[in-house]
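Q: So that we are looking at the same thing, I have put the structure below in structure tokens.
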Amino acid sequence: MRYIRVVVLVIVLGIPSISAPAYAARCGGDFHAFIAGISQEAAAAGISQNVISQGLDGVQQDAGVLAFDRRQRGTFRKSFEQYVATRVGPGRINTGRAMLQRHAALLASIEQKYGVPRQILVAIWGLETDFGKGDMGKLPVFRVLATLAHDCRRTELFQNELLSALQIVQRGDLRLNDMIGAYAGEIGQTQFLPSSYIKYGVDFDGNGHVDLRHSVPDVLASTANLLHTNGFKMGASYEEGSANFEAMREWNRAVVYRKTIGYFADQLMGR
């Protein structure tokens with residue numbers, strides 16, 4: 001589900017992470033020449049040769065990723081009523097309420113630090129990956145991002161994502177075999193793009209790494225940090241038209257998706 005948010009954000013806003021390369025590698029043409037160019041950009045950005053080799057040696061294009069990318073336009077043509085009926089059912093609501101109880105102390109701590117209500121965080125968590133138990137993607141992140149960066153349609157944006165993914169490995173946040181994600185390289189239980197991982201990721205469990213695949217404290221705190229940084233305020237309405245609804249644009253620009261987050265959040269609280 002995260003991919004849809006990614007495409008809209010990337011096209012309209014761009015997503016900052018590490019400094020953009022001074023000279024983008026040339027898109028299109030020979031793929032191996034492109035990888036050589038992006039490897040040079042990574043080295044210039046301070047990525048070690050060992051990490052560059054881990055991520056990019058032998059990487060191949062993925063035609064399926066390009067085909068999926070071309071099919072994504074117009075996904076949110078359903079009405080809110082049609083869309084929410086497919087995403088928020090009794091089973092997901094009941095599981096979400098169980099998550100609120102199981103992680104009550106953690107969520108209270110995150111609320112206090114970031115000012116984002118627990119029901120919003122749990123709603124996003126549920127919608128994205130069924131609370132970390134569902135589909136987090138099965139594709140090698142470097143293959144996906146190298147494919148999309150080589151494609152000239154949004155090359156500079158995905159080159160930035162590729163460099164950010166290398167930085168995640170360099171920081172030691174995830175090992176190479178954990179760099180598995182969805183069709184735009186989204187990673188983890190709330191499906192962060194690599195650039196968002198770098199910008200908003202929080203080591204909330206204090207183990208020295210931002211682990212958005214395995215650490216529930218890191219996942220929920222990082223999600224809260226993203227919303228907080230973009231203006232979400234505790235105690236205020238998150239209905240359509242509110243300032244908090246606008247703040248959630250960084251999560252997903254689609255109105256129907258943000259309305260679904262709010263609806264799910266309210267259902268979790270029995271409203």
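Residue numbering restarts at 1 for every chain of the structure tokens, chains are lettered A, B, ... in their displayed order, and ligands are numbered from 1 as they appear.
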Find the residues near A:Ile180: any atom within 12 Å, counting only C-alpha atoms, skip ones fewer than 2 places away on the same chain, and give them as a ChimeraX atom specification.

A: /A:55,135-145,165,174-178,182-189,191-194,212-213

Q: Where in stretch 30-244 of chain A does DSSP assign helix (DSSP H, G or I), given as a PyMOL selection string?

A: chain A and resi 31-44+49-56+63-71+75-77+80-87+90-102+104-114+118-129+141-150+155-171+176-178+194-200+216-229+243-244

Q: Would you kindly return, as JSON, numbers by chain, each protein, DNA or RNA residue with an atom no farther than 8 Å from any atom of stretch 82-99 of chain A, considering only C-alpha atoms and excluding same-chain residues fewer than 4 positions away?

A: {"A": [78, 103, 104, 122, 123, 126, 127, 130, 131, 256, 260, 264, 267, 268, 269]}
